[in-house]
Structures are given as structure tokens and as C-alpha cells.
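Heads up, model01.txt below (compact mmCIF, C-alpha atoms):
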```txt
# COMPACT_ATOMS: atom_id res chain seq x y z
CA MET X 1 -134.36 -174.86 -142.05
CA THR X 2 -133.35 -176.16 -145.50
CA LEU X 3 -131.32 -173.02 -146.07
CA ARG X 4 -129.49 -173.55 -142.77
CA LEU X 5 -128.72 -177.14 -143.70
CA LEU X 6 -127.44 -176.06 -147.08
CA LEU X 7 -125.27 -173.38 -145.48
CA ALA X 8 -123.87 -175.88 -142.96
CA ALA X 9 -123.12 -178.39 -145.74
CA PHE X 10 -121.40 -175.67 -147.79
CA LEU X 11 -119.35 -174.60 -144.78
CA LEU X 12 -118.34 -178.20 -144.08
CA ILE X 13 -117.28 -178.79 -147.67
CA TRP X 14 -115.29 -175.53 -147.67
CA LEU X 15 -113.51 -176.48 -144.42
CA VAL X 16 -112.61 -179.93 -145.72
CA ARG X 17 -111.32 -178.45 -148.98
CA CYS X 18 -109.20 -175.96 -147.04
CA SER X 19 -107.67 -178.48 -144.63
CA ALA X 20 -106.79 -181.15 -147.18
CA PRO X 21 -104.40 -180.36 -150.02
CA SER X 22 -106.20 -180.32 -153.32
CA PRO X 23 -105.31 -183.35 -155.45
CA SER X 24 -105.23 -181.10 -158.50
CA HIS X 25 -102.83 -178.53 -156.96
CA PRO X 26 -99.45 -178.48 -158.74
CA ILE X 27 -97.65 -178.62 -155.38
CA GLN X 28 -98.49 -181.85 -153.60
CA LEU X 29 -97.92 -181.96 -149.83
CA ARG X 30 -97.57 -185.38 -148.24
CA ASP X 31 -96.95 -187.05 -144.86
CA PHE X 32 -96.59 -183.89 -142.81
CA PHE X 33 -96.10 -183.94 -139.05
CA ALA X 34 -94.64 -181.63 -136.39
CA THR X 35 -92.59 -182.07 -133.23
CA PRO X 36 -94.16 -180.85 -129.98
CA GLY X 37 -93.19 -177.62 -128.24
CA LYS X 38 -94.30 -175.41 -125.41
CA ARG X 39 -95.02 -171.70 -125.80
CA GLY X 40 -91.67 -169.97 -126.47
CA PHE X 41 -90.02 -173.18 -127.75
CA ASN X 42 -89.29 -173.98 -131.38
CA ALA X 43 -90.79 -176.90 -133.31
CA ALA X 44 -89.97 -178.64 -136.57
CA VAL X 45 -92.29 -179.69 -139.38
CA TYR X 46 -91.49 -182.60 -141.71
CA GLY X 47 -93.10 -183.95 -144.85
CA THR X 48 -92.68 -183.91 -148.61
CA MET X 49 -93.42 -181.13 -151.10
CA GLU X 50 -93.55 -182.19 -154.70
CA ASN X 51 -94.16 -180.06 -157.75
CA VAL X 52 -96.21 -182.24 -160.09
CA GLY X 53 -96.81 -179.35 -162.49
CA ASP X 54 -94.79 -178.66 -165.60
CA ARG X 55 -92.97 -175.51 -164.54
CA PRO X 56 -90.96 -174.47 -161.49
CA ASP X 57 -92.62 -172.65 -158.64
CA THR X 58 -91.27 -170.85 -155.58
CA LEU X 59 -92.36 -171.18 -151.96
CA ASP X 60 -92.48 -167.53 -150.98
CA ARG X 61 -93.74 -167.64 -147.44
CA ILE X 62 -95.30 -169.83 -144.78
CA GLU X 63 -97.72 -168.30 -142.32
CA THR X 64 -99.11 -169.72 -139.12
CA ALA X 65 -100.78 -168.43 -136.00
CA VAL X 66 -98.84 -170.83 -133.76
CA ALA X 67 -95.32 -169.43 -134.35
CA ALA X 68 -93.77 -166.00 -134.65
CA GLN X 69 -91.97 -167.03 -137.82
CA VAL X 70 -91.50 -170.03 -140.10
CA GLU X 71 -88.26 -170.68 -141.97
CA LEU X 72 -86.77 -173.51 -144.00
CA HIS X 73 -83.80 -174.88 -142.06
CA ARG X 74 -81.30 -177.59 -142.59
CA SER X 75 -79.39 -179.72 -140.08
CA ARG X 76 -76.02 -181.00 -141.15
CA GLU X 77 -73.37 -183.13 -139.53
CA ILE X 78 -69.69 -182.45 -140.01
CA ASP X 79 -67.19 -184.64 -138.13
CA GLY X 80 -69.71 -185.65 -135.49
CA VAL X 81 -70.89 -182.07 -134.87
CA VAL X 82 -74.43 -181.15 -135.86
CA ALA X 83 -75.27 -177.66 -137.02
CA MET X 84 -78.63 -176.15 -137.87
CA GLU X 85 -78.93 -173.17 -140.17
CA PRO X 86 -81.54 -171.31 -142.21
CA VAL X 87 -81.59 -172.11 -145.93
CA PRO X 88 -80.91 -168.83 -147.72
CA GLY X 89 -82.66 -167.59 -150.82
CA PRO X 90 -85.96 -168.47 -152.42
CA VAL X 91 -87.13 -172.07 -152.10
CA VAL X 92 -87.54 -173.17 -155.71
CA LEU X 93 -89.70 -176.24 -156.26
CA ALA X 94 -88.71 -177.73 -159.61
CA PRO X 95 -90.97 -180.29 -161.30
CA ASP X 96 -90.13 -183.86 -160.32
CA ALA X 97 -87.61 -182.76 -157.69
CA PRO X 98 -89.41 -183.35 -154.39
CA LEU X 99 -88.28 -181.38 -151.37
CA ARG X 100 -88.09 -183.96 -148.61
CA LEU X 101 -88.22 -182.54 -145.11
CA ARG X 102 -86.79 -185.16 -142.76
CA PRO X 103 -85.45 -185.29 -139.18
CA GLY X 104 -81.76 -184.46 -139.22
CA SER X 105 -82.01 -182.74 -142.60
CA TYR X 106 -84.27 -180.10 -144.16
CA HIS X 107 -87.22 -179.03 -142.01
CA LEU X 108 -89.62 -176.16 -141.54
CA MET X 109 -88.65 -174.38 -138.35
CA LEU X 110 -91.49 -172.93 -136.30
CA LEU X 111 -89.70 -170.24 -134.33
CA ASP X 112 -91.01 -168.92 -131.01
CA LEU X 113 -94.23 -170.90 -130.59
CA GLN X 114 -97.12 -168.70 -129.51
CA ARG X 115 -98.93 -171.53 -127.76
CA ASP X 116 -98.27 -175.02 -126.44
CA CYS X 117 -98.34 -177.73 -129.11
CA PHE X 118 -98.72 -181.16 -127.56
CA PRO X 119 -98.79 -184.54 -129.29
CA GLY X 120 -102.26 -184.98 -130.74
CA ASP X 121 -102.72 -181.24 -131.46
CA THR X 122 -102.94 -179.89 -135.00
CA ILE X 123 -100.94 -176.99 -136.42
CA VAL X 124 -102.33 -175.10 -139.40
CA LEU X 125 -99.89 -173.65 -141.92
CA THR X 126 -100.60 -171.53 -144.99
CA LEU X 127 -98.04 -172.00 -147.76
CA LYS X 128 -97.83 -169.16 -150.25
CA PHE X 129 -96.37 -169.89 -153.68
CA ARG X 130 -95.32 -167.47 -156.40
CA ARG X 131 -97.36 -169.09 -159.19
CA SER X 132 -99.70 -171.62 -157.65
CA PRO X 133 -102.56 -170.76 -155.30
CA SER X 134 -101.86 -170.79 -151.56
CA GLN X 135 -102.40 -174.02 -149.69
CA ARG X 136 -103.71 -174.46 -146.17
CA LEU X 137 -102.16 -177.47 -144.48
CA SER X 138 -103.15 -179.18 -141.23
CA VAL X 139 -100.17 -180.82 -139.56
CA PRO X 140 -100.54 -183.30 -136.67
CA VAL X 141 -98.15 -182.95 -133.73
CA ARG X 142 -96.38 -186.19 -132.86
CA GLY X 143 -94.60 -187.10 -129.65
CA ALA X 144 -91.81 -189.55 -129.01
CA ARG X 145 -92.43 -193.00 -130.47
CA MET M 1 -33.53 -242.16 -130.32
CA VAL M 2 -31.66 -240.62 -133.17
CA VAL M 3 -33.13 -237.73 -134.97
CA ARG M 4 -31.72 -236.95 -138.32
CA ARG M 5 -31.13 -233.38 -138.97
CA ARG M 6 -30.96 -231.67 -142.25
CA THR M 7 -27.71 -229.94 -142.82
CA VAL M 8 -27.99 -226.29 -141.94
CA LYS M 9 -25.55 -223.94 -143.52
CA PRO M 10 -25.70 -220.67 -141.67
CA GLN M 11 -22.79 -219.19 -143.48
CA GLY M 12 -23.78 -216.42 -145.80
CA LYS M 13 -27.45 -216.60 -144.90
CA SER M 14 -29.56 -213.86 -143.41
CA ASN M 15 -31.20 -214.38 -139.97
CA LYS M 16 -34.53 -214.86 -141.70
CA ALA M 17 -33.14 -217.57 -143.91
CA ARG M 18 -31.51 -219.21 -140.91
CA HIS M 19 -34.81 -219.24 -139.00
CA PHE M 20 -36.56 -220.66 -142.03
CA SER M 21 -34.06 -223.48 -142.21
CA ALA M 22 -34.32 -224.15 -138.47
CA GLY M 23 -38.04 -224.68 -138.71
CA LEU M 24 -39.13 -221.50 -136.89
CA LEU M 25 -41.35 -220.47 -139.77
CA PRO M 26 -44.44 -222.44 -140.74
CA TYR M 27 -43.15 -224.00 -143.89
CA GLY M 28 -40.03 -226.04 -144.30
CA GLY M 29 -37.60 -227.12 -141.58
CA THR M 30 -37.30 -230.34 -139.65
CA ARG M 31 -40.10 -232.31 -137.96
CA ARG M 32 -38.66 -231.25 -134.61
CA GLY M 33 -38.54 -227.69 -135.89
CA LYS M 34 -42.24 -227.87 -136.76
CA TRP M 35 -43.04 -229.20 -133.29
CA ARG M 36 -41.02 -226.41 -131.75
CA PHE M 37 -42.85 -223.94 -133.95
CA SER M 38 -46.21 -225.26 -132.71
CA LEU M 39 -45.08 -224.88 -129.13
CA TYR M 40 -44.15 -221.30 -129.78
CA LEU M 41 -47.47 -220.68 -131.48
CA LEU M 42 -49.72 -222.25 -128.84
CA PRO M 43 -49.45 -219.55 -126.16
CA GLY M 44 -50.13 -216.92 -128.83
CA VAL M 45 -53.27 -218.71 -129.99
CA LEU M 46 -54.45 -219.14 -126.40
CA LEU M 47 -53.79 -215.49 -125.65
CA GLY M 48 -55.73 -214.53 -128.78
CA ILE M 49 -58.72 -216.61 -127.71
CA ILE M 50 -58.63 -215.10 -124.22
CA ALA M 51 -58.41 -211.61 -125.69
CA VAL M 52 -61.44 -212.21 -127.91
CA LEU M 53 -63.41 -213.61 -124.96
CA LEU M 54 -62.48 -210.64 -122.79
CA ALA M 55 -63.36 -208.17 -125.53
CA SER M 56 -66.84 -209.65 -125.75
CA CYS M 57 -67.23 -209.47 -121.99
CA SER M 58 -69.07 -206.50 -120.48
CA SER M 59 -66.43 -205.47 -118.02
CA GLU M 60 -63.99 -204.88 -120.83
CA LEU M 61 -65.81 -201.93 -122.43
CA PRO M 62 -62.98 -199.41 -122.50
CA VAL M 63 -63.08 -196.39 -120.23
CA GLU M 64 -63.61 -193.43 -122.54
CA HIS M 65 -63.69 -190.72 -119.86
CA ASP M 66 -63.21 -191.26 -116.16
CA LEU M 67 -65.29 -188.82 -114.12
CA SER M 68 -65.30 -190.95 -110.98
CA GLN M 69 -63.04 -188.52 -109.12
CA LEU M 70 -64.83 -185.40 -110.39
CA SER M 71 -67.96 -183.68 -109.20
CA PHE M 72 -69.97 -181.06 -111.07
CA ALA M 73 -72.62 -179.01 -109.27
CA LEU M 74 -75.75 -179.18 -111.42
CA VAL M 75 -79.47 -178.57 -110.85
CA ASP M 76 -82.25 -180.85 -112.04
CA GLN M 77 -85.63 -180.02 -113.56
CA TYR M 78 -87.12 -179.65 -110.08
CA GLY M 79 -84.44 -177.24 -108.89
CA ARG M 80 -82.71 -179.88 -106.76
CA SER M 81 -78.91 -179.86 -106.46
CA ILE M 82 -77.20 -182.77 -108.18
CA ARG M 83 -73.53 -183.68 -107.96
CA PHE M 84 -72.64 -185.25 -111.26
CA PRO M 85 -71.77 -188.04 -111.51
CA ALA M 86 -71.30 -188.76 -107.78
CA ASP M 87 -75.02 -188.75 -107.00
CA PHE M 88 -75.57 -191.51 -109.54
CA GLN M 89 -73.15 -194.01 -108.01
CA ASP M 90 -74.25 -197.65 -108.41
CA THR M 91 -76.44 -196.58 -111.33
CA VAL M 92 -75.87 -197.07 -115.03
CA LEU M 93 -76.39 -193.76 -116.85
CA LEU M 94 -77.23 -192.83 -120.39
CA VAL M 95 -76.23 -189.21 -120.83
CA ALA M 96 -76.91 -186.87 -123.75
CA PHE M 97 -76.11 -183.19 -124.20
CA ILE M 98 -79.05 -181.30 -125.69
CA TYR M 99 -80.77 -177.92 -125.61
CA THR M 100 -84.50 -177.36 -125.59
CA SER M 101 -84.59 -174.76 -128.39
CA CYS M 102 -83.39 -177.45 -130.79
CA PRO M 103 -86.44 -179.02 -132.45
CA ASP M 104 -84.62 -181.37 -134.81
CA ILE M 105 -81.55 -183.31 -133.63
CA CYS M 106 -82.10 -183.10 -129.86
CA PRO M 107 -85.66 -184.52 -130.02
CA LEU M 108 -84.26 -187.34 -132.18
CA THR M 109 -81.70 -188.17 -129.49
CA THR M 110 -84.36 -187.88 -126.78
CA ASP M 111 -86.61 -190.15 -128.82
CA ARG M 112 -83.84 -192.76 -129.07
CA MET M 113 -83.37 -192.63 -125.31
CA VAL M 114 -87.14 -193.03 -124.78
CA GLN M 115 -87.04 -196.15 -126.96
CA ILE M 116 -84.05 -197.53 -125.04
CA SER M 117 -85.84 -196.76 -121.76
CA SER M 118 -88.88 -198.73 -122.90
CA GLN M 119 -86.71 -201.85 -123.25
CA ILE M 120 -85.21 -201.70 -119.77
CA PRO M 121 -87.23 -202.82 -116.73
CA GLU M 122 -88.52 -199.94 -114.59
CA ASN M 123 -86.82 -201.27 -111.48
CA ALA M 124 -83.36 -201.58 -113.10
CA PRO M 125 -80.76 -199.20 -111.64
CA VAL M 126 -80.53 -197.15 -114.84
CA ARG M 127 -81.12 -193.41 -115.21
CA PHE M 128 -81.49 -191.24 -118.28
CA VAL M 129 -79.77 -187.88 -118.07
CA LEU M 130 -80.12 -184.89 -120.40
CA ILE M 131 -77.60 -182.12 -119.76
CA THR M 132 -78.27 -178.79 -121.43
CA LEU M 133 -75.69 -177.06 -123.58
CA ASP M 134 -77.71 -173.85 -123.30
CA PRO M 135 -77.87 -173.03 -119.58
CA LEU M 136 -78.68 -169.36 -120.30
CA ARG M 137 -82.13 -170.31 -121.62
CA ASP M 138 -82.66 -173.78 -120.17
CA THR M 139 -83.80 -173.08 -116.65
CA PRO M 140 -85.10 -175.92 -114.44
CA GLN M 141 -88.63 -174.75 -115.32
CA ARG M 142 -87.92 -175.00 -119.04
CA LEU M 143 -86.31 -178.42 -118.62
CA ARG M 144 -89.42 -179.53 -116.71
CA GLU M 145 -91.57 -178.37 -119.65
CA PHE M 146 -89.35 -180.31 -122.06
CA ALA M 147 -89.75 -183.43 -119.89
CA GLU M 148 -93.51 -182.91 -119.93
CA LEU M 149 -93.57 -182.64 -123.74
CA TYR M 150 -91.79 -185.94 -124.19
CA ASP M 151 -93.48 -187.63 -121.24
CA LEU M 152 -90.16 -188.33 -119.49
CA SER M 153 -90.83 -190.05 -116.19
CA GLN M 154 -89.91 -188.21 -113.04
CA GLN M 155 -88.40 -191.31 -111.48
CA ARG M 156 -86.10 -192.26 -114.33
CA TRP M 157 -85.13 -189.03 -116.08
CA ARG M 158 -82.94 -186.18 -114.87
CA LEU M 159 -82.66 -183.01 -116.94
CA LEU M 160 -79.73 -180.98 -115.70
CA THR M 161 -78.55 -177.41 -115.99
CA ALA M 162 -75.96 -175.23 -114.21
CA ASP M 163 -74.08 -171.99 -114.69
CA LEU M 164 -72.33 -171.62 -118.02
CA ALA M 165 -68.83 -172.15 -116.57
CA THR M 166 -69.82 -175.48 -115.01
CA ILE M 167 -71.48 -176.73 -118.18
CA ASP M 168 -68.43 -175.67 -120.23
CA SER M 169 -66.10 -177.39 -117.81
CA LEU M 170 -68.13 -180.64 -117.86
CA ARG M 171 -68.43 -180.79 -121.61
CA GLN M 172 -64.73 -180.09 -122.06
CA VAL M 173 -63.83 -182.96 -119.73
CA MET M 174 -66.08 -185.17 -121.85
CA ASP M 175 -64.85 -183.84 -125.21
CA ILE M 176 -68.27 -182.48 -126.15
CA TYR M 177 -68.03 -179.64 -128.64
CA ALA M 178 -70.57 -176.81 -128.46
CA VAL M 179 -70.55 -173.37 -130.01
CA ARG M 180 -73.30 -170.79 -130.43
CA SER M 181 -74.41 -169.76 -133.90
CA PRO M 182 -74.48 -166.02 -134.67
CA MET M 183 -77.39 -164.22 -132.99
CA ARG M 184 -80.34 -163.53 -135.30
CA GLN M 185 -83.49 -161.53 -134.84
CA LEU M 186 -87.05 -162.64 -135.51
CA GLU M 187 -89.58 -160.35 -137.18
CA ASN M 188 -91.14 -159.83 -133.74
CA GLY M 189 -87.82 -158.47 -132.47
CA LYS M 190 -86.85 -161.47 -130.36
CA ALA M 191 -83.25 -162.61 -130.65
CA TYR M 192 -82.39 -166.26 -131.08
CA TYR M 193 -79.45 -168.53 -131.69
CA PHE M 194 -78.75 -172.19 -132.12
CA ILE M 195 -75.93 -174.33 -130.81
CA ASN M 196 -73.73 -176.49 -133.00
CA HIS M 197 -72.75 -179.46 -130.93
CA THR M 198 -71.46 -183.02 -130.76
CA ASP M 199 -74.21 -185.54 -131.44
CA ALA M 200 -73.41 -187.99 -128.67
CA LEU M 201 -75.08 -190.42 -126.33
CA CYS M 202 -72.75 -191.59 -123.56
CA LEU M 203 -73.01 -194.74 -121.48
CA PHE M 204 -71.69 -194.45 -117.90
CA ASP M 205 -70.98 -197.34 -115.59
CA GLN M 206 -71.85 -197.51 -111.88
CA GLN M 207 -68.56 -195.82 -110.96
CA GLY M 208 -69.05 -192.67 -113.02
CA ARG M 209 -66.88 -193.70 -115.96
CA GLU M 210 -67.96 -193.26 -119.55
CA ARG M 211 -67.65 -196.70 -121.12
CA GLN M 212 -69.21 -196.29 -124.54
CA ARG M 213 -70.29 -193.49 -126.86
CA TYR M 214 -72.88 -193.60 -129.64
CA LYS M 215 -74.14 -191.14 -132.21
CA GLY M 216 -77.10 -189.75 -130.28
CA SER M 217 -79.64 -189.13 -133.02
CA GLU M 218 -78.94 -192.46 -134.75
CA ALA M 219 -78.00 -194.72 -131.85
CA ASP M 220 -78.67 -198.41 -132.46
CA ILE M 221 -81.33 -199.14 -129.84
CA GLU M 222 -80.56 -202.86 -129.56
CA ALA M 223 -76.80 -202.28 -129.27
CA VAL M 224 -77.22 -199.69 -126.51
CA VAL M 225 -79.66 -201.89 -124.58
CA ALA M 226 -77.19 -204.80 -124.87
CA ASP M 227 -74.36 -202.61 -123.49
CA VAL M 228 -76.57 -201.41 -120.62
CA ARG M 229 -77.37 -205.02 -119.75
CA ARG M 230 -73.67 -205.93 -119.83
CA LEU M 231 -72.87 -203.20 -117.35
CA LEU M 232 -75.76 -204.24 -115.12
CA ALA M 233 -74.58 -207.84 -115.23
CA ALA M 234 -71.01 -206.86 -114.43
CA GLN M 235 -72.06 -205.12 -111.21
```
If you took the structure in this file and wrote it as C-alpha cells, what would it be?
Amino acid sequence: MTLRLLLAAFLLIWLVRCSAPSPSHPIQLRDFFATPGKRGFNAAVYGTMENVGDRPDTLDRIETAVAAQVELHRSREIDGVVAMEPVPGPVVLAPDAPLRLRPGSYHLMLLDLQRDCFPGDTIVLTLKFRRSPSQRLSVPVRGAR
Amino acid sequence: MVVRRRTVKPQGKSNKARHFSAGLLPYGGTRRGKWRFSLYLLPGVLLGIIAVLLASCSSELPVEHDLSQLSFALVDQYGRSIRFPADFQDTVLLVAFIYTSCPDICPLTTDRMVQISSQIPENAPVRFVLITLDPLRDTPQRLREFAELYDLSQQRWRLLTADLATIDSLRQVMDIYAVRSPMRQLENGKAYYFINHTDALCLFDQQGRERQRYKGSEADIEAVVADVRRLLAAQ
């Protein structure tokens, strides 16, 4: 019985550690949220990534079970026309140069959702960095205000 | 009554100088000239005041695009035929061009419209219309799913699609730019594209005329609501 309790407590602590970004991780992830989308739609993820370490790192890949692919995209407006395009090349996170993902600007694009994501749901992303350990991030889905 | 006049010497003077001397310009000239000047000025001032009053009046929002004599055959999110804008006569419309594969700008515009909608009484003759720029993918079923995601009420919202030629024709009449990005392929083999497009929210009056245009994703909620109320009041 005691062993089971210990195992359950260990499992709980491990889950909490995985879902919340570690405060000691060199890449701090803040204020993340996602737009909703049905299966086959795309969704966007916003938030802030900040390298609080002392050397640059690179975001190599983002994995998730809810989308076929995740890419860093940017929306831009030129003369009243908005265009959305993938950001080419490696995503370098320099110290003290936060990458702010905001509506109408940079965002993580969840392409081809594999399931419905309604407001109130949670999307789990795994961010893989070149130097720092991977981070598992839980992102709430928000609807219209 | 004798009015003394200053001596005017037109010889060798330009017209401007002559007018100055005759009191047609604000400074200088005779007392009578000043009076005459005021008389000339008065109608101008009155006209200016009237113009300002009219400009602030609802019915004087300029007509940006007149679609009152046009009819576009569209289909709503339930598969029902809609003649746009004829079927919305006597209704104020807020119209945006979006596509459901856009997760960034188009949800922002939709979100703005939802906020505007929340400030207008449910029984007001106002409808919210989203017209797709991507009719190849945005079927009525997909538009219905989009409405479900953003909790867009069945009574108040119409999400419209059509064949590509009709959508192109409508957006050209309304000066809405839209062009597909190059086709790309996902790792799972699926092809996808985006659409670069005008970020616009258009206010239509009860006669099917576009009366005001805002930047869709950043529209000033209060300003749009005020314009909607002006059009409702002008009915």
C-alpha cells in the first residue's frame, strides 16, 4: 500500500514537472495559448520564448500529436494586404532577445490538426533545442473573447 | 448720409492690390468694404457649418461600393442559396473576407466581429457575414465547423461560399485582393497553401451599399458599433 502511494506520488510529481516549464531551464516559455481548430484545420500558438542562459540556442523542432506538422510562421501586412509565410532557417534564440509570438505576427503554426481542438482543451507540444534539454509544454486553447 | 471714401488708385496696380484697396480682403479697406467682406464671408461660414454637421450625420457616410443593383449567387453554412446582397435588404451588414485555413489574421477579424456583435442588441436588424476567399476548401460543412468553433450564432451569422468565379467576381467588385501562396507539401504528403488577402471589414447599409471600411484584424470596436448605430438610426 505504501509502495503504491509512493509510486503514485512519484508519478504525479513527474507529470507536473513535465507539464510546467522548469524555472531553471535556460529557455523560458511564458503565456502560451492556442487558437481553436477542427480536425483538418490549422491552428496558431502564441506566447513568449526567452533565452535566459548565457549562450545562444536553436529551436530545432516542435513535435505534437495534435498536428501533422509544426512550423514557425509570420504574418505581415503590406499595403493593407496580409500575407502568412513560414520563417526559413534555424530559429536561433539569443540570450536576452525574447521571441514574442503574437497574433498578426510570429506564431507557431499547427498544420493539419489530427483532432478537434476546442476552447478549454489543452494541446501538448514538445520543443527540442540544440543545446538545452527538450521541454514539454501544455498550451490551453482559447476561443473568441 | 455721406460716406467718405479713401482714394483708390487702380492705375498700375494688380487685381489683388485693387481688391485689397477696395476692402475685399480681411485687412485694410473702407468700413463699407469690411461690411461687404463680411457679407461675402457669411454664406461661406454657414455652408462650412452645414457641411460639418452633415459629415457627422450618419446618412452622409460615403458610398464606397454600390452593390445594390448586383446579385451574387452564394451558399451559406447550411447549404442554403443566398443572393448577396439582395437577400439582406433592410439589414445592416458587417462583411469580412476570410478563409478557414487561416489561423492567425482571420480569427482576429472574426474575434473583432464577435466583440462588435456583443454590443448590438440581438433583435437589431444587423447581420454578420463571413465570405470565404478559399471556396475550393471552404465547403458549407467546413464553414459550419468554423462557426461552431467560434460559437457564431445561427440567427445572426452567415458564412458564405460559392464557385471560384463568383467569389472572384464579388471580391473584384469590392476591391478585395486575394492571391494564393505557392503550394507546399507537408511531411505527411498533404498539399497546402495560404491566401494573401486584403484585411478588411466592410459596413453595408440597408440598401446593399458599402458605406465604411475598417482594417479587419484591428477594427476599433467602439467606432464600428457607432457607425452601425448611425445606419440603424438613419433607416
| field | Test item: chain X residues at most 12 Å from chain M, counting all atoms listed in the file, as a PyMOL selection string | value | chain X and resi 34-46+67-71+73-86+101-114+116-120+141-145
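Interatomic distance, atom CA of X:Arg136 to atom CA of X:Ile62: 9.7 Å.
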| query | So which residues touch stretch 93-99 of chain X within 7 Å, counting only C-alpha atoms, skipping near sequence neighbours fewer than 3 positions away, as a ChimeraX atom specification? | reply | /X:48-58
| message | Residues near M:Pro85, anyone? I mean within 10 Å using only C-alpha atoms, not counting same-chain ones fewer than 5 positions away, as a PyMOL selection string. | response | chain M and resi 67-74+91+93+204+206-209
Write the selection just made, keeping C-alpha atoms, as a PDB file, in the coordinates of the input?
```
ATOM      1  CA  LEU M  67     -65.290-188.820-114.120  1.00  0.00           C
ATOM      2  CA  SER M  68     -65.300-190.950-110.980  1.00  0.00           C
ATOM      3  CA  GLN M  69     -63.040-188.520-109.120  1.00  0.00           C
ATOM      4  CA  LEU M  70     -64.830-185.400-110.390  1.00  0.00           C
ATOM      5  CA  SER M  71     -67.960-183.680-109.200  1.00  0.00           C
ATOM      6  CA  PHE M  72     -69.970-181.060-111.070  1.00  0.00           C
ATOM      7  CA  ALA M  73     -72.620-179.010-109.270  1.00  0.00           C
ATOM      8  CA  LEU M  74     -75.750-179.180-111.420  1.00  0.00           C
ATOM      9  CA  THR M  91     -76.440-196.580-111.330  1.00  0.00           C
ATOM     10  CA  LEU M  93     -76.390-193.760-116.850  1.00  0.00           C
ATOM     11  CA  PHE M 204     -71.690-194.450-117.900  1.00  0.00           C
ATOM     12  CA  GLN M 206     -71.850-197.510-111.880  1.00  0.00           C
ATOM     13  CA  GLN M 207     -68.560-195.820-110.960  1.00  0.00           C
ATOM     14  CA  GLY M 208     -69.050-192.670-113.020  1.00  0.00           C
ATOM     15  CA  ARG M 209     -66.880-193.700-115.960  1.00  0.00           C
TER      16      ARG M 209
END
```
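Taking atom CA of X:Phe129 and atom CA of X:Asp60 as the two end points, the separation is 5.3 Å.
Here atom CA of X:Val91 is placed at a distance of 24.6 Å from atom CA of X:Thr122.
Of the listed residues (M:Asp138, M:Asp87, M:Asp76, M:Glu210), M:Glu210 comes nearest to M:Pro62; the distances count all atoms listed in the file.
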Provide an axis-aligned box for all listed atoms of stretch 211-221 of chain M, padding each side by 4 Å; report its centre and its edge lengths in Å to one decimal, as JSON.
```
{"center_x": -74.5, "center_y": -194.1, "center_z": -127.9, "size_x": 21.7, "size_y": 18.0, "size_z": 21.6}
```
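In terms of minimum interatomic distance to M:Leu201, M:Phe97 ranks closest within M:Leu143, M:Leu160, M:Phe97, M:Val173, counting only C-alpha atoms.
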Which polymer residues have any atom within 12 Å of an atom of X:Ser134, counting only C-alpha atoms, with same-chain residues fewer than 5 positions away left out, as an mmCIF file with C-alpha atoms, keeping the file's coordinate frame?
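Once everything was written out, this is result31.cif:
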```
data_model
loop_
_atom_site.group_PDB
_atom_site.id
_atom_site.type_symbol
_atom_site.label_atom_id
_atom_site.label_comp_id
_atom_site.auth_asym_id
_atom_site.auth_seq_id
_atom_site.Cartn_x
_atom_site.Cartn_y
_atom_site.Cartn_z
ATOM 1 C CA CYS X 18 -109.200 -175.960 -147.040
ATOM 2 C CA SER X 19 -107.670 -178.480 -144.630
ATOM 3 C CA PRO X 21 -104.400 -180.360 -150.020
ATOM 4 C CA SER X 22 -106.200 -180.320 -153.320
ATOM 5 C CA HIS X 25 -102.830 -178.530 -156.960
ATOM 6 C CA PRO X 26 -99.450 -178.480 -158.740
ATOM 7 C CA ILE X 27 -97.650 -178.620 -155.380
ATOM 8 C CA GLN X 28 -98.490 -181.850 -153.600
ATOM 9 C CA LEU X 29 -97.920 -181.960 -149.830
ATOM 10 C CA ASP X 57 -92.620 -172.650 -158.640
ATOM 11 C CA THR X 58 -91.270 -170.850 -155.580
ATOM 12 C CA LEU X 59 -92.360 -171.180 -151.960
ATOM 13 C CA ASP X 60 -92.480 -167.530 -150.980
ATOM 14 C CA ARG X 61 -93.740 -167.640 -147.440
ATOM 15 C CA ILE X 62 -95.300 -169.830 -144.780
ATOM 16 C CA GLU X 63 -97.720 -168.300 -142.320
ATOM 17 C CA LEU X 125 -99.890 -173.650 -141.920
ATOM 18 C CA THR X 126 -100.600 -171.530 -144.990
ATOM 19 C CA LEU X 127 -98.040 -172.000 -147.760
ATOM 20 C CA LYS X 128 -97.830 -169.160 -150.250
ATOM 21 C CA PHE X 129 -96.370 -169.890 -153.680
#
```
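Nearest residue to M:Cys202 among M:Ala233, M:Ala219, M:Asp168, M:Thr132 is M:Ala219, counting all atoms listed in the file.
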Please produce stretch 206-217 of chain M, completed to N, CA and C atoms, as a CSV table (one decimal), keeping the file's coordinate frame.
```csv
chain,number,residue,atom,x,y,z
M,206,GLN,N,-71.4,-197.8,-113.3
M,206,GLN,CA,-71.8,-197.5,-111.9
M,206,GLN,C,-70.8,-196.7,-111.1
M,207,GLN,N,-69.6,-196.6,-111.7
M,207,GLN,CA,-68.6,-195.8,-111.0
M,207,GLN,C,-68.3,-194.4,-111.6
M,208,GLY,N,-69.2,-194.0,-112.4
M,208,GLY,CA,-69.0,-192.7,-113.0
M,208,GLY,C,-68.0,-192.6,-114.1
M,209,ARG,N,-67.8,-193.7,-114.8
M,209,ARG,CA,-66.9,-193.7,-116.0
M,209,ARG,C,-67.6,-193.9,-117.3
M,210,GLU,N,-67.3,-193.1,-118.2
M,210,GLU,CA,-68.0,-193.3,-119.6
M,210,GLU,C,-67.3,-194.5,-120.2
M,211,ARG,N,-68.2,-195.4,-120.6
M,211,ARG,CA,-67.6,-196.7,-121.1
M,211,ARG,C,-67.9,-196.9,-122.6
M,212,GLN,N,-68.9,-196.1,-123.1
M,212,GLN,CA,-69.2,-196.3,-124.5
M,212,GLN,C,-69.9,-195.0,-125.0
M,213,ARG,N,-69.7,-194.7,-126.3
M,213,ARG,CA,-70.3,-193.5,-126.9
M,213,ARG,C,-70.9,-193.9,-128.2
M,214,TYR,N,-72.1,-193.3,-128.4
M,214,TYR,CA,-72.9,-193.6,-129.6
M,214,TYR,C,-73.2,-192.3,-130.3
M,215,LYS,N,-73.6,-192.3,-131.6
M,215,LYS,CA,-74.1,-191.1,-132.2
M,215,LYS,C,-75.6,-191.0,-131.7
M,216,GLY,N,-75.8,-189.9,-131.0
M,216,GLY,CA,-77.1,-189.8,-130.3
M,216,GLY,C,-78.3,-189.9,-131.1
M,217,SER,N,-78.4,-189.2,-132.2
M,217,SER,CA,-79.6,-189.1,-133.0
M,217,SER,C,-79.8,-190.4,-133.8
```
